[in-house]
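Undergrad: Handing you this structure, nothing more for now.
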Amino acid sequence: MGCSSDSCWHWARCICHVGGNPPAWLPKSPVEATGRKGGLVDLGSGDGRIVLEAHRQGFTPAVGYELNPWLVRMARFHAWRAGHHDEVSYRREDLWKVDLTECKNITVFLAPSVLSLLQQKLETELPDDALVVAGRFPFPNWTPCRIEGQGVDRAWAYRIQAQRQHTFKKNDTAHNNELTTDKEST
């Protein structure tokens with residue numbers, strides 16, 4: 001299933017803003033508009049804004065993983081101040097050790113050097129119907145199904161099944177090229 005319709009993008013736009021207030025173009029009810037529901041995981045959740053907004057938009061559970069203890073505390077404070085501290089979760093855990101096999105909605109706002117390493121973990125662990133949204137920086141070797149925004153507000157949406165198919169084709173082509181080279185050299 002591709003991401004050609006606007007439905008997956010409404011979800012991505014809902015989740016990927018990082019400002020203090022949701023932008024004006026944010027759909028009022030993205031869960032209804034997109035059909036995407038269930039939980040959301042934010043890897044590198046920082047001060048927790050994305051997790052909190054995801055919960056407000058109907059994604060449950062909404063969980064953020066952040067290694068920096070100060071940012072985890074700040075995120076929990078923001079959730080408490082918003083009255084949602086019992087409904088969202090912020091965990092101080094290493095994202096490399098988090099089991100993502102059940103996650104279908106994932107957001108990341110991480111440095112490009114981390115994204116290049118994270119691709120393999122996501123391709124290996126996520127279910128086929130997972131949607132990954134990267135804010136500010138794209139995954140270097142993936143092909144997005146949608147790009148929106150400009151500059152620091154840019155976001156990329158990726159369907160995991162499409163990324164796996166692309167990786168499989170690329171590996172298959174490389175393998176066939178090796179076989180052809182081996183036959184020519186003998």
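Every chain in the structure tokens takes a letter, A first, then B, and so on in the order presented; its residues are numbered from 1, and the ligands are numbered from 1 following the presented order.
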Please identify all polymer residues within 8 Å of region 107-114 of chain A, counting only C-alpha atoms, omitting same-chain residues fewer than 6 positions from it, and present them as a list in words.
TA: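 Returned residues: Ile15, Cys16, Leu40, Val41, Asp42, Leu43, Gly44, Ser45, Val132, Val133, Ala134, Gly135, Arg136, Phe137, Pro138, Phe139 and Pro140 of chain A.
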Undergrad: Which residues, written as a list in words, have at least one atom at most 6 Å from region 84-97 of chain A, with only C-alpha atoms counted and residues fewer than 6 positions away on the same chain left out?
TA: Ala62, Val63, Gly64, Tyr65, Glu66 and Leu67 of chain A
Undergrad: Write a file of the selected residues as an mmCIF file, in the first residue's frame, keeping N, CA, C and O atoms.
TA:
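That gives us result-v5.cif:
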data_model
loop_
_atom_site.group_PDB
_atom_site.id
_atom_site.type_symbol
_atom_site.label_atom_id
_atom_site.label_comp_id
_atom_site.auth_asym_id
_atom_site.auth_seq_id
_atom_site.Cartn_x
_atom_site.Cartn_y
_atom_site.Cartn_z
ATOM 1 N N ALA A 62 0.860 6.730 23.502
ATOM 2 C CA ALA A 62 1.864 7.609 22.907
ATOM 3 C C ALA A 62 3.077 7.570 23.826
ATOM 4 O O ALA A 62 2.986 7.925 24.994
ATOM 5 N N VAL A 63 4.198 7.111 23.276
ATOM 6 C CA VAL A 63 5.394 6.868 24.080
ATOM 7 C C VAL A 63 6.596 7.556 23.454
ATOM 8 O O VAL A 63 6.819 7.449 22.242
ATOM 9 N N GLY A 64 7.374 8.238 24.278
ATOM 10 C CA GLY A 64 8.603 8.857 23.814
ATOM 11 C C GLY A 64 9.810 8.204 24.445
ATOM 12 O O GLY A 64 9.796 7.894 25.635
ATOM 13 N N TYR A 65 10.831 7.972 23.653
ATOM 14 C CA TYR A 65 12.095 7.431 24.135
ATOM 15 C C TYR A 65 13.167 8.500 23.975
ATOM 16 O O TYR A 65 13.358 9.035 22.887
ATOM 17 N N GLU A 66 13.835 8.797 25.064
ATOM 18 C CA GLU A 66 14.855 9.850 25.075
ATOM 19 C C GLU A 66 15.948 9.434 26.051
ATOM 20 O O GLU A 66 15.650 8.962 27.142
ATOM 21 N N LEU A 67 17.191 9.615 25.651
ATOM 22 C CA LEU A 67 18.309 9.233 26.505
ATOM 23 C C LEU A 67 18.685 10.326 27.502
ATOM 24 O O LEU A 67 19.142 10.034 28.605
#
Undergrad: I'd like the neighbourhood of Asp47 (chain A) as an NGL selection string, where a residue qualifies if any of its atoms comes within 9 Å (using only C-alpha atoms), though same-chain residues fewer than 5 positions away should be ignored.
TA: :A and (66 or 70-76 or 78)
Undergrad: Expressed in Å to a single decimal, how great is the separation between CA of Ser116 (chain A) and CA of Asp99 (chain A)?
TA: 18.5 Å
Undergrad: How many Å separate CA of Thr101 (chain A) from CA of Leu117 (chain A)?
TA: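 Computed distance, CA of Thr101 (chain A) to CA of Leu117 (chain A), equals 17.3 Å.
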